[in-house]
file target_34.txt (compact mmCIF, C-alpha atoms)
# COMPACT_ATOMS: atom_id res chain seq x y z
CA MET Y 13 91.64 112.79 68.58
CA ASP Y 14 87.89 113.45 68.60
CA PHE Y 15 87.55 111.37 71.77
CA ILE Y 16 90.37 113.28 73.53
CA SER Y 17 89.00 116.64 72.42
CA ASP Y 18 85.49 115.72 73.57
CA PHE Y 19 86.80 114.49 76.91
CA LEU Y 20 88.92 117.60 77.56
CA THR Y 21 85.98 119.87 76.69
CA LYS Y 22 83.73 118.07 79.17
CA PHE Y 23 86.46 118.00 81.82
CA VAL Y 24 87.11 121.76 81.61
CA ALA Y 25 83.37 122.41 81.80
CA GLN Y 26 83.17 120.37 85.01
CA LEU Y 27 85.90 122.49 86.61
CA GLN Y 28 83.52 125.46 86.48
CA SER Y 29 80.95 123.74 88.70
CA PRO Y 30 79.71 125.66 91.78
CA THR Y 31 80.73 122.71 93.97
CA LEU Y 32 84.39 123.31 93.16
CA GLY Y 33 83.96 127.06 93.46
CA PHE Y 34 82.73 126.85 97.06
CA LEU Y 35 85.56 124.43 97.93
CA ILE Y 36 88.18 126.83 96.57
CA GLY Y 37 86.44 129.74 98.30
CA GLY Y 38 86.74 128.03 101.67
CA ALA Y 39 90.39 127.20 101.06
CA VAL Y 40 91.18 130.81 100.11
CA ALA Y 41 89.32 132.15 103.15
CA ALA Y 42 91.43 129.98 105.45
CA ALA Y 43 94.64 130.82 103.59
CA VAL Y 44 94.19 134.56 104.15
CA SER Y 45 93.51 133.95 107.86
CA SER Y 46 89.85 134.89 107.67
CA ARG Y 47 87.93 134.69 110.94
CA LEU Y 48 85.10 132.91 109.19
CA ALA Y 49 84.06 129.94 111.32
CA ILE Y 50 81.28 127.40 110.99
CA PRO Y 51 80.52 125.53 114.24
CA ASP Y 52 81.29 121.84 114.27
CA ALA Y 53 77.70 121.05 115.30
CA ILE Y 54 76.39 122.73 112.13
CA TYR Y 55 78.92 120.84 110.02
CA LYS Y 56 77.81 117.52 111.48
CA PHE Y 57 74.14 118.45 110.99
CA ILE Y 58 74.75 119.30 107.33
CA VAL Y 59 76.55 115.99 106.75
CA PHE Y 60 73.67 114.15 108.42
CA MET Y 61 71.10 115.94 106.24
CA LEU Y 62 73.00 115.23 103.03
CA LEU Y 63 73.61 111.56 103.78
CA ILE Y 64 70.11 110.79 105.00
CA LYS Y 65 68.83 112.40 101.78
CA VAL Y 66 71.15 110.18 99.73
CA GLY Y 67 70.06 107.15 101.77
CA LEU Y 68 66.35 107.93 101.34
CA LYS Y 69 66.76 108.20 97.59
CA GLY Y 70 68.73 104.94 97.47
CA GLY Y 71 66.22 103.08 99.68
CA ILE Y 72 63.29 104.21 97.53
CA ALA Y 73 65.14 103.06 94.41
CA ILE Y 74 66.05 99.66 95.89
CA ARG Y 75 62.41 99.11 96.90
CA GLU Y 76 61.33 99.71 93.31
CA SER Y 77 64.12 97.78 91.56
CA ASN Y 78 65.39 94.25 91.11
CA ILE Y 79 67.78 93.54 94.00
CA THR Y 80 69.97 91.33 91.76
CA GLU Y 81 71.04 94.44 89.82
CA ILE Y 82 73.16 95.62 92.74
CA LEU Y 83 75.08 92.37 93.27
CA LEU Y 84 77.91 92.80 90.73
CA PRO Y 85 78.55 96.52 91.43
CA ALA Y 86 78.49 95.72 95.17
CA LEU Y 87 81.05 92.94 94.66
CA PHE Y 88 83.28 95.33 92.73
CA ALA Y 89 82.92 97.92 95.51
CA VAL Y 90 84.11 95.35 98.07
CA LEU Y 91 87.07 94.34 95.89
CA THR Y 92 88.04 97.98 95.30
CA GLY Y 93 88.01 98.81 99.02
CA ILE Y 94 90.24 95.83 99.83
CA LEU Y 95 92.56 96.43 96.87
CA ILE Y 96 93.17 100.06 97.83
CA VAL Y 97 94.54 99.00 101.22
CA PHE Y 98 96.89 96.45 99.66
CA ILE Y 99 98.09 99.06 97.15
CA ALA Y 100 99.10 101.35 100.03
CA ARG Y 101 100.74 98.45 101.86
CA HIS Y 102 102.95 97.62 98.88
CA THR Y 103 103.62 101.13 97.51
CA LEU Y 104 103.40 103.87 100.15
CA ALA Y 105 104.91 101.61 102.82
CA LYS Y 106 108.00 101.07 100.64
CA LEU Y 107 108.81 104.77 100.33
CA PRO Y 108 111.54 106.43 102.46
CA ASN Y 109 110.64 107.51 106.01
CA ILE Y 110 107.20 105.91 105.85
CA LYS Y 111 106.17 103.63 108.70
CA VAL Y 112 104.29 100.52 107.61
CA VAL Y 113 101.42 100.98 110.08
CA ASP Y 114 101.01 104.61 108.97
CA ALA Y 115 100.89 103.49 105.33
CA ILE Y 116 98.30 100.81 106.10
CA ALA Y 117 96.15 103.29 108.03
CA THR Y 118 96.41 105.72 105.12
CA GLY Y 119 95.30 102.98 102.75
CA GLY Y 120 92.36 102.19 105.02
CA LEU Y 121 91.26 105.83 105.10
CA PHE Y 122 91.59 106.17 101.32
CA GLY Y 123 89.73 102.91 100.80
CA ALA Y 124 86.91 104.09 103.06
CA VAL Y 125 84.35 106.49 101.62
CA SER Y 126 83.72 110.21 102.09
CA GLY Y 127 80.02 110.95 102.42
CA SER Y 128 80.63 114.60 101.52
CA THR Y 129 82.49 113.70 98.32
CA LEU Y 130 79.70 111.29 97.39
CA ALA Y 131 77.12 114.01 98.00
CA ALA Y 132 79.13 116.45 95.86
CA GLY Y 133 79.39 113.92 93.05
CA LEU Y 134 75.65 113.26 93.08
CA ALA Y 135 74.92 116.99 92.95
CA VAL Y 136 77.17 117.46 89.92
CA LEU Y 137 75.66 114.42 88.19
CA ASP Y 138 72.17 115.81 88.75
CA ALA Y 139 73.22 119.21 87.45
CA GLN Y 140 74.63 117.56 84.34
CA GLY Y 141 71.48 115.51 83.82
CA MET Y 142 73.53 112.31 83.83
CA GLU Y 143 71.30 109.39 84.75
CA TYR Y 144 72.32 106.85 87.38
CA GLU Y 145 70.69 104.18 89.51
CA ALA Y 146 69.53 105.83 92.73
CA TRP Y 147 70.65 102.74 94.64
CA SER Y 148 74.25 103.28 93.48
CA ALA Y 149 74.74 105.50 96.55
CA ALA Y 150 74.13 102.33 98.59
CA LEU Y 151 77.51 101.03 97.35
CA TYR Y 152 79.05 103.25 100.05
CA PRO Y 153 79.18 100.65 102.88
CA PHE Y 154 80.26 97.86 100.51
CA MET Y 155 83.53 99.70 99.95
CA ASP Y 156 83.87 101.52 103.26
CA ILE Y 157 83.64 98.63 105.73
CA PRO Y 158 85.90 96.11 103.86
CA ALA Y 159 88.60 98.79 103.52
CA LEU Y 160 88.62 99.63 107.23
CA VAL Y 161 88.50 95.96 108.27
CA THR Y 162 91.33 95.05 105.87
CA ALA Y 163 93.51 97.91 107.14
CA ILE Y 164 93.05 97.02 110.80
CA VAL Y 165 93.64 93.31 110.16
CA LEU Y 166 96.81 93.97 108.10
CA ALA Y 167 98.14 96.38 110.72
CA SER Y 168 97.43 93.89 113.52
CA ILE Y 169 99.20 91.07 111.66
CA TYR Y 170 102.20 93.30 110.94
CA THR Y 171 102.39 94.56 114.54
CA SER Y 172 102.15 91.03 115.95
CA LYS Y 173 104.97 89.85 113.68
CA GLN Y 174 107.15 92.78 114.70
CA LYS Y 175 106.56 92.09 118.40
CA LYS Y 176 107.37 88.41 117.92
CA LEU Y 177 110.52 89.27 115.99
CA ALA Y 178 111.62 91.74 118.67
CA ALA Y 179 111.06 89.15 121.40
CA GLU Y 180 113.07 86.56 119.47
CA ASN Y 181 115.93 89.00 118.91
CA GLU Y 182 115.94 89.94 122.59
CA TYR Y 183 116.03 86.26 123.55
CA ARG Y 184 118.95 85.55 121.19
CA SER Y 185 120.96 88.49 122.49
CA LYS Y 186 120.46 87.36 126.07
CA GLN Y 187 121.39 83.81 125.13
CA GLU Y 188 124.63 85.09 123.62
CA PHE Y 189 125.35 87.26 126.66
CA TYR Y 190 124.67 84.62 129.27
CA GLY Y 191 125.56 81.56 127.28
CA GLU Y 192 129.21 81.47 128.33
CA GLN Y 193 128.62 82.56 131.92
CA LYS Y 194 128.08 79.53 134.10
CA GLU Y 195 128.20 79.26 137.84
CA TYR Y 196 128.48 75.91 139.54
CA GLY Y 197 127.87 74.16 136.25
CA GLN Y 198 124.54 75.87 135.60
CA GLN Y 199 123.73 78.42 132.93
CA ARG Y 200 122.65 81.79 134.32
CA ILE Y 201 119.54 82.67 132.39
CA THR Y 202 116.94 84.76 134.11
CA ALA Y 203 113.24 84.19 133.59
CA SER Y 204 112.99 87.44 131.69
CA GLY Y 205 115.65 86.18 129.33
CA TYR Y 206 113.19 83.84 127.70
CA PRO Y 207 110.74 85.18 125.17
CA HIS Y 208 107.14 85.18 126.20
CA GLU Y 209 105.14 82.29 124.92
CA GLU Y 210 103.60 83.07 121.60
CA GLN Y 211 100.17 84.44 122.12
CA ASN Y 212 97.39 84.00 119.65
CA HIS Y 213 96.55 87.62 118.83
CA ARG Y 214 93.34 87.03 116.93
CA VAL Y 215 91.79 90.02 115.26
CA GLU Y 216 88.09 90.25 115.98
CA ILE Y 217 86.32 91.27 112.76
CA TRP Y 218 82.84 91.96 114.11
CA PRO Y 219 83.88 94.80 116.50
CA ILE Y 220 85.52 96.56 113.55
CA ILE Y 221 82.37 96.20 111.42
CA LYS Y 222 80.21 97.29 114.35
CA ASP Y 223 82.41 100.34 114.92
CA SER Y 224 82.13 101.28 111.25
CA LEU Y 225 78.36 100.82 111.19
CA GLN Y 226 78.01 102.98 114.29
CA GLY Y 227 79.98 105.83 112.73
CA SER Y 228 77.90 108.97 112.26
CA ALA Y 229 78.22 109.15 108.47
CA LEU Y 230 77.45 105.52 107.73
CA SER Y 231 74.67 105.46 110.34
CA ALA Y 232 72.93 108.39 108.64
CA LEU Y 233 73.20 106.76 105.22
CA LEU Y 234 71.95 103.38 106.47
CA LEU Y 235 69.10 105.04 108.37
CA GLY Y 236 68.02 106.78 105.19
CA LEU Y 237 68.28 103.52 103.25
CA ALA Y 238 66.15 101.70 105.81
CA LEU Y 239 63.50 104.44 105.87
CA GLY Y 240 63.39 104.62 102.09
CA LEU Y 241 63.15 100.86 101.80
CA LEU Y 242 60.63 100.12 104.55
CA THR Y 243 58.45 103.25 104.59
CA ARG Y 244 56.96 105.66 102.05
CA PRO Y 245 58.96 108.87 102.57
CA GLU Y 246 58.49 110.28 99.05
CA SER Y 247 56.47 113.32 100.15
CA VAL Y 248 58.91 114.54 102.82
CA TYR Y 249 61.85 113.69 100.55
CA GLU Y 250 60.54 115.81 97.67
CA SER Y 251 59.29 118.73 99.81
CA PHE Y 252 62.13 118.99 102.35
CA TYR Y 253 65.34 117.06 101.63
CA GLU Y 254 65.60 117.53 97.87
CA PRO Y 255 65.19 121.37 97.83
CA LEU Y 256 67.79 121.83 100.59
CA PHE Y 257 70.41 119.52 99.11
CA ARG Y 258 72.47 121.90 96.96
CA GLY Y 259 72.41 124.77 99.46
CA LEU Y 260 73.65 122.57 102.29
CA LEU Y 261 76.27 121.05 100.02
CA SER Y 262 77.67 124.51 99.18
CA ILE Y 263 78.19 125.24 102.90
CA LEU Y 264 79.83 121.84 103.36
CA MET Y 265 82.27 122.60 100.53
CA ILE Y 266 83.29 125.86 102.22
CA VAL Y 267 83.98 123.97 105.47
CA MET Y 268 86.00 121.31 103.64
CA GLY Y 269 88.03 123.93 101.82
CA MET Y 270 88.88 125.63 105.11
CA GLU Y 271 89.73 122.28 106.71
CA ALA Y 272 92.02 121.36 103.81
CA THR Y 273 94.07 124.53 104.26
CA ALA Y 274 94.27 124.02 108.02
CA ARG Y 275 95.54 120.45 107.60
CA ILE Y 276 98.41 121.42 105.31
CA ASN Y 277 100.58 122.44 108.26
CA GLU Y 278 99.81 119.11 109.93
CA LEU Y 279 100.85 117.24 106.79
CA ARG Y 280 104.21 119.04 106.77
CA LYS Y 281 105.13 117.30 110.01
CA VAL Y 282 105.37 113.92 108.29
CA ALA Y 283 107.20 112.66 105.20
CA GLN Y 284 106.42 114.62 102.03
CA TRP Y 285 105.69 111.34 100.27
CA TYR Y 286 102.24 111.46 101.88
CA ALA Y 287 101.41 114.55 99.83
CA VAL Y 288 102.58 112.85 96.64
CA TYR Y 289 100.60 109.71 97.44
CA ALA Y 290 97.49 111.68 98.42
CA PHE Y 291 97.56 113.54 95.10
CA ILE Y 292 98.02 110.49 92.88
CA ALA Y 293 96.15 107.78 94.78
CA PRO Y 294 92.57 109.14 94.51
CA LEU Y 295 92.80 109.24 90.73
CA ILE Y 296 94.35 105.76 90.50
CA HIS Y 297 91.70 104.34 92.84
CA GLY Y 298 88.99 106.01 90.79
CA PHE Y 299 90.35 104.55 87.54
CA ILE Y 300 90.41 101.06 89.09
CA ALA Y 301 86.77 101.38 90.16
CA PHE Y 302 85.86 102.91 86.79
CA GLY Y 303 87.31 99.82 85.11
CA PHE Y 304 85.29 97.52 87.37
CA GLY Y 305 82.23 99.64 86.67
CA MET Y 306 82.75 99.28 82.93
CA ILE Y 307 82.73 95.49 83.36
CA ALA Y 308 79.41 95.78 85.22
CA HIS Y 309 78.17 98.17 82.52
CA TYR Y 310 78.72 95.65 79.75
CA ALA Y 311 77.69 92.63 81.84
CA THR Y 312 74.52 93.92 83.51
CA GLY Y 313 73.71 97.30 81.95
CA PHE Y 314 75.04 99.30 84.91
CA SER Y 315 74.49 102.92 83.88
CA ALA Y 316 77.22 105.39 82.94
CA GLY Y 317 76.27 107.50 85.96
CA GLY Y 318 76.52 104.44 88.20
CA VAL Y 319 80.02 103.74 86.89
CA VAL Y 320 80.98 107.34 87.67
CA ILE Y 321 79.57 107.10 91.21
CA LEU Y 322 81.58 103.91 91.83
CA ALA Y 323 84.71 105.75 90.65
CA ILE Y 324 83.94 108.81 92.79
CA ILE Y 325 83.50 106.85 96.03
CA ALA Y 326 86.73 104.98 95.26
CA ALA Y 327 88.55 108.29 94.72
CA SER Y 328 87.21 109.67 98.00
CA SER Y 329 88.71 109.16 101.44
CA SER Y 330 86.71 109.03 104.65
CA ASP Y 331 86.51 112.31 106.52
CA ILE Y 332 84.00 111.49 109.27
CA SER Y 333 83.64 107.86 110.33
CA GLY Y 334 86.99 106.52 109.13
CA PRO Y 335 89.43 108.47 111.37
CA PRO Y 336 87.94 107.43 114.75
CA THR Y 337 87.65 103.82 113.57
CA LEU Y 338 91.33 103.75 112.59
CA ARG Y 339 92.41 105.57 115.75
CA GLY Y 340 90.84 102.78 117.79
CA GLY Y 341 91.86 99.92 115.50
CA ILE Y 342 95.44 101.02 114.73
CA PRO Y 343 96.50 103.06 117.79
CA SER Y 344 100.18 102.90 116.81
CA ALA Y 345 99.57 104.79 113.55
CA ASN Y 346 100.14 108.55 113.37
CA PRO Y 347 96.83 110.41 112.75
CA SER Y 348 98.72 113.42 111.39
CA ALA Y 349 99.91 111.21 108.54
CA TYR Y 350 96.72 109.56 107.36
CA ILE Y 351 94.20 112.28 108.31
CA GLY Y 352 96.46 115.07 107.05
CA ALA Y 353 97.02 113.28 103.74
CA SER Y 354 93.30 112.70 103.31
CA THR Y 355 91.92 116.09 104.33
CA ALA Y 356 94.64 118.41 103.05
CA VAL Y 357 95.23 116.74 99.68
CA GLY Y 358 93.14 113.63 99.02
CA THR Y 359 89.65 115.11 99.42
CA PRO Y 360 90.32 118.30 97.42
CA VAL Y 361 91.84 116.19 94.62
CA ALA Y 362 88.84 113.82 94.64
CA ILE Y 363 86.36 116.71 94.44
CA ALA Y 364 88.25 119.18 92.27
CA LEU Y 365 89.79 116.71 89.82
CA GLY Y 366 88.18 113.31 90.41
CA ILE Y 367 84.53 114.29 90.00
CA PRO Y 368 84.96 116.25 86.75
CA LEU Y 369 87.48 113.73 85.44
CA PHE Y 370 85.26 110.68 85.86
CA ILE Y 371 82.09 112.45 84.76
CA GLY Y 372 83.86 113.65 81.62
CA LEU Y 373 85.33 110.20 81.04
CA GLY Y 374 81.94 108.53 81.54
CA GLN Y 375 80.25 110.92 79.11
CA ALA Y 376 82.99 110.48 76.53
CA VAL Y 377 83.06 106.66 76.78
CA MET Y 378 79.41 105.78 77.43
CA GLY Y 379 77.46 108.96 76.73
CA GLY Y 380 74.73 110.14 79.10
call {"tool": "encode", "arguments": {"input": "target_34.txt", "output": "structure tokens"}}
result
Amino acid sequence: MDFISDFLTKFVAQLQSPTLGFLIGGAVAAAVSSRLAIPDAIYKFIVFMLLIKVGLKGGIAIRESNITEILLPALFAVLTGILIVFIARHTLAKLPNIKVVDAIATGGLFGAVSGSTLAAGLAVLDAQGMEYEAWSAALYPFMDIPALVTAIVLASIYTSKQKKLAAENEYRSKQEFYGEQKEYGQQRITASGYPHEEQNHRVEIWPIIKDSLQGSALSALLLGLALGLLTRPESVYESFYEPLFRGLLSILMIVMGMEATARINELRKVAQWYAVYAFIAPLIHGFIAFGFGMIAHYATGFSAGGVVILAIIAASSSDISGPPTLRGGIPSANPSAYIGASTAVGTPVAIALGIPLFIGLGQAVMGG
């Protein structure tokens, strides 16, 4: 009972964080039809500033640490990203009125990582004084890219099988129709009656990875990592990026709150199961990653804050680089389904519930 009481106390305290307050403020502003508007260019600039700051901090930490420390958490990040896609394929895809390709795309987006949610989680961890490895932010691409690649590959395999099955069914029906019609002793089967020869639809992995790496969010993070690792940016980091971090994050939360409200109408156009999935999935994904993080904690001394960060990025769903990657890789999927589920429900749940939940759980289980 002491553990539960301690956890609930910490969880309730996290709900009072300014990060959540700005998110709710933005959602309320949009709900009452406020004319408040933040230009898209400013939004993208804020995301860039936040992620390059996170990347700089991670690159500096990697330069000063033992690279072997990141191997096990990175492996668990990869496994989590892949597992999330398979979970969607075998749960969401089985629900009524859910198309398989839409479910796979949703899994890919939820397996990919939200840079804004990561930034929010880091801000709350810093405010709580919970220590973590600065390089833990570098786990972002280890989860993001495998999730997107897995989703596109699974969708391509499924689509190819469906096309092959449709061609075979068409061929059989034409065989049955023409089979008994013979003229002058010859069977009348037109050329189009035969199925096309099976084509080897190979999924090219590298273009998917390249597309992910070229996404604006991941590019900013990797640029920061490279600069932090290969140069000495400590002075500009401490004098410019660090002081601006929380202020920029508060604006970003307002934008995300407004976007969440705007996407609700879009989500209503598809099956309501997406809303249920988007509410439950971030927490389940976070618990899976938290469990992997605990293994790394006991095996390698991975910090409590690092475990929480791994859980937070697993609970997040990509809001910048993921959607265009999936639009290009799975063109048959409905963007209203997977983007609506992510933005309207998934991201608010990850920030409002996931961050305080996993921070409280980490403090209760491991201290810090």
call {"tool": "residues_around", "arguments": {"input": "target_34.txt", "residues": "Ala43 of chain Y", "least_positions_apart": "6", "cutoff": "9 Å", "atoms": "all atoms listed in the file", "output": "number ranges by chain"}}
result
Y: 270, 273-274
call {"tool": "write_last_selection", "arguments": {"input": "target_34.txt", "atoms": "C-alpha atoms", "output": "PDB file, keeping the file's coordinate frame"}}
result
ATOM      1  CA  MET Y 270      88.880 125.630 105.110  1.00  0.00           C
ATOM      2  CA  THR Y 273      94.070 124.530 104.260  1.00  0.00           C
ATOM      3  CA  ALA Y 274      94.270 124.020 108.020  1.00  0.00           C
TER       4      ALA Y 274
END
call {"tool": "atom_distance", "arguments": {"input": "target_34.txt", "atom1": "atom CA of Ala167 of chain Y", "atom2": "atom CA of Ile342 of chain Y"}}
result
6.7 Å
call {"tool": "atom_distance", "arguments": {"input": "target_34.txt", "atom1": "atom CA of Ala229 of chain Y", "atom2": "atom CA of Met155 of chain Y"}}
result
13.8 Å
call {"tool": "residues_near_point", "arguments": {"input": "target_34.txt", "point": "(90.5, 107.9, 91.9)", "cutoff": "10 Å", "atoms": "only C-alpha atoms", "output": "JSON, numbers by chain"}}
result
{"Y": [122, 291, 292, 293, 294, 295, 296, 297, 298, 299, 300, 301, 302, 322, 323, 324, 325, 326, 327, 328, 329, 358, 361, 362, 365, 366, 367, 369, 370]}
call {"tool": "residues_near_point", "arguments": {"input": "target_34.txt", "point": "(83.7, 101.7, 100.1)", "cutoff": "9 Å", "atoms": "all atoms listed in the file", "output": "ChimeraX atom specification"}}
result
/Y:89-90,92-94,123-126,151-160,322,325-326,328
call {"tool": "closest_residue", "arguments": {"input": "target_34.txt", "among": "Y:Leu83, Y:Leu261, Y:Val357, Y:Ala283", "to": "Ala311 of chain Y", "atoms": "all atoms listed in the file"}}
result
Y:Leu83
call {"tool": "residues_around", "arguments": {"input": "target_34.txt", "residues": "Leu104 of chain Y", "least_positions_apart": "5", "cutoff": "8 Å", "atoms": "only C-alpha atoms", "output": "ChimeraX atom specification"}}
result
/Y:99,110,115,285-286,289
call {"tool": "atom_distance", "arguments": {"input": "target_34.txt", "atom1": "atom CA of Ile164 of chain Y", "atom2": "atom CA of Ile217 of chain Y"}}
result
9.1 Å
call {"tool": "closest_residue", "arguments": {"input": "target_34.txt", "among": "Y:Ser77, Y:Thr312, Y:Ser354, Y:Thr359", "to": "Gly119 of chain Y", "atoms": "only C-alpha atoms"}}
result
Y:Ser354
call {"tool": "closest_atom_pairs", "arguments": {"input": "target_34.txt", "of": "segment 317-362 of chain Y", "to": "segment 58-63 of chain Y", "cutoff": "12 Å", "atoms": "all atoms listed in the file", "output": "JSON lines"}}
result
{"residue": "Y:Asp331", "atom": "CA", "partner": "Y:Val59", "partner_atom": "CA", "distance": 10.6}
{"residue": "Y:Ile332", "atom": "CA", "partner": "Y:Val59", "partner_atom": "CA", "distance": 9.1}
{"residue": "Y:Ser333", "atom": "CA", "partner": "Y:Val59", "partner_atom": "CA", "distance": 11.4}
call {"tool": "residues_around", "arguments": {"input": "target_34.txt", "residues": "Arg258 of chain Y", "least_positions_apart": "5", "cutoff": "9 Å", "atoms": "all atoms listed in the file", "output": "PyMOL selection string"}}
result
chain Y and resi 31+132+135+263
call {"tool": "residues_around", "arguments": {"input": "target_34.txt", "residues": "Ala117 of chain Y", "least_positions_apart": "4", "cutoff": "10 Å", "atoms": "all atoms listed in the file", "output": "ChimeraX atom specification"}}
result
/Y:97,100-101,112-113,121-123,159-160,162-164,166-167,334-335,338-339,341-347,349-351
call {"tool": "build_atoms", "arguments": {"input": "target_34.txt", "residues": "segment 242-249 of chain Y", "atoms": "all heavy atoms", "output": "PDB file, in the frame of the given file"}}
result
ATOM      1  N   LEU Y 242      61.708 100.710 103.754  1.00  0.00           N
ATOM      2  CA  LEU Y 242      60.630 100.120 104.550  1.00  0.00           C
ATOM      3  C   LEU Y 242      59.418 101.037 104.730  1.00  0.00           C
ATOM      4  O   LEU Y 242      58.362 100.572 105.159  1.00  0.00           O
ATOM      5  CB  LEU Y 242      61.174  99.735 105.939  1.00  0.00           C
ATOM      6  CG  LEU Y 242      62.358  98.760 105.939  1.00  0.00           C
ATOM      7  CD1 LEU Y 242      62.871  98.548 107.352  1.00  0.00           C
ATOM      8  CD2 LEU Y 242      61.966  97.425 105.304  1.00  0.00           C
ATOM      9  N   THR Y 243      59.577 102.329 104.436  1.00  0.00           N
ATOM     10  CA  THR Y 243      58.450 103.250 104.590  1.00  0.00           C
ATOM     11  C   THR Y 243      58.164 103.922 103.252  1.00  0.00           C
ATOM     12  O   THR Y 243      58.738 103.562 102.224  1.00  0.00           O
ATOM     13  CB  THR Y 243      58.754 104.317 105.659  1.00  0.00           C
ATOM     14  OG1 THR Y 243      59.825 105.159 105.209  1.00  0.00           O
ATOM     15  CG2 THR Y 243      59.161 103.659 106.969  1.00  0.00           C
ATOM     16  N   ARG Y 244      57.300 104.913 103.262  1.00  0.00           N
ATOM     17  CA  ARG Y 244      56.960 105.660 102.050  1.00  0.00           C
ATOM     18  C   ARG Y 244      57.283 107.136 102.264  1.00  0.00           C
ATOM     19  O   ARG Y 244      56.396 107.962 102.464  1.00  0.00           O
ATOM     20  CB  ARG Y 244      55.473 105.489 101.732  1.00  0.00           C
ATOM     21  CG  ARG Y 244      55.041 104.056 101.475  1.00  0.00           C
ATOM     22  CD  ARG Y 244      55.372 103.635 100.069  1.00  0.00           C
ATOM     23  NE  ARG Y 244      55.007 102.224  99.827  1.00  0.00           N
ATOM     24  CZ  ARG Y 244      55.117 101.623  98.650  1.00  0.00           C
ATOM     25  NH1 ARG Y 244      55.585 102.320  97.619  1.00  0.00           N
ATOM     26  NH2 ARG Y 244      54.795 100.367  98.514  1.00  0.00           N
ATOM     27  N   PRO Y 245      58.563 107.497 102.211  1.00  0.00           N
ATOM     28  CA  PRO Y 245      58.960 108.870 102.570  1.00  0.00           C
ATOM     29  C   PRO Y 245      58.990 109.832 101.378  1.00  0.00           C
ATOM     30  O   PRO Y 245      59.601 110.907 101.472  1.00  0.00           O
ATOM     31  CB  PRO Y 245      60.368 108.647 103.120  1.00  0.00           C
ATOM     32  CG  PRO Y 245      60.896 107.537 102.273  1.00  0.00           C
ATOM     33  CD  PRO Y 245      59.722 106.657 101.936  1.00  0.00           C
ATOM     34  N   GLU Y 246      58.375 109.467 100.258  1.00  0.00           N
ATOM     35  CA  GLU Y 246      58.490 110.280  99.050  1.00  0.00           C
ATOM     36  C   GLU Y 246      58.063 111.735  99.252  1.00  0.00           C
ATOM     37  O   GLU Y 246      58.723 112.664  98.764  1.00  0.00           O
ATOM     38  CB  GLU Y 246      57.664 109.667  97.905  1.00  0.00           C
ATOM     39  CG  GLU Y 246      58.292 108.444  97.268  1.00  0.00           C
ATOM     40  CD  GLU Y 246      57.999 107.153  98.026  1.00  0.00           C
ATOM     41  OE1 GLU Y 246      57.442 107.225  99.149  1.00  0.00           O
ATOM     42  OE2 GLU Y 246      58.333 106.083  97.503  1.00  0.00           O
ATOM     43  N   SER Y 247      56.984 111.957  99.993  1.00  0.00           N
ATOM     44  CA  SER Y 247      56.470 113.320 100.150  1.00  0.00           C
ATOM     45  C   SER Y 247      57.444 114.215 100.915  1.00  0.00           C
ATOM     46  O   SER Y 247      57.743 115.335 100.486  1.00  0.00           O
ATOM     47  CB  SER Y 247      55.110 113.295 100.850  1.00  0.00           C
ATOM     48  OG  SER Y 247      55.228 112.685 102.137  1.00  0.00           O
ATOM     49  N   VAL Y 248      57.966 113.729 102.040  1.00  0.00           N
ATOM     50  CA  VAL Y 248      58.910 114.540 102.820  1.00  0.00           C
ATOM     51  C   VAL Y 248      60.239 114.658 102.092  1.00  0.00           C
ATOM     52  O   VAL Y 248      60.919 115.692 102.188  1.00  0.00           O
ATOM     53  CB  VAL Y 248      59.101 113.941 104.235  1.00  0.00           C
ATOM     54  CG1 VAL Y 248      59.837 112.607 104.176  1.00  0.00           C
ATOM     55  CG2 VAL Y 248      59.864 114.913 105.125  1.00  0.00           C
ATOM     56  N   TYR Y 249      60.608 113.639 101.331  1.00  0.00           N
ATOM     57  CA  TYR Y 249      61.850 113.690 100.550  1.00  0.00           C
ATOM     58  C   TYR Y 249      61.771 114.802  99.504  1.00  0.00           C
ATOM     59  O   TYR Y 249      62.690 115.617  99.377  1.00  0.00           O
ATOM     60  CB  TYR Y 249      62.089 112.335  99.871  1.00  0.00           C
ATOM     61  CG  TYR Y 249      63.232 112.342  98.885  1.00  0.00           C
ATOM     62  CD1 TYR Y 249      64.544 112.193  99.314  1.00  0.00           C
ATOM     63  CD2 TYR Y 249      62.993 112.530  97.521  1.00  0.00           C
ATOM     64  CE1 TYR Y 249      65.598 112.225  98.413  1.00  0.00           C
ATOM     65  CE2 TYR Y 249      64.039 112.568  96.614  1.00  0.00           C
ATOM     66  CZ  TYR Y 249      65.336 112.413  97.063  1.00  0.00           C
ATOM     67  OH  TYR Y 249      66.379 112.457  96.164  1.00  0.00           O
TER      68      TYR Y 249
END
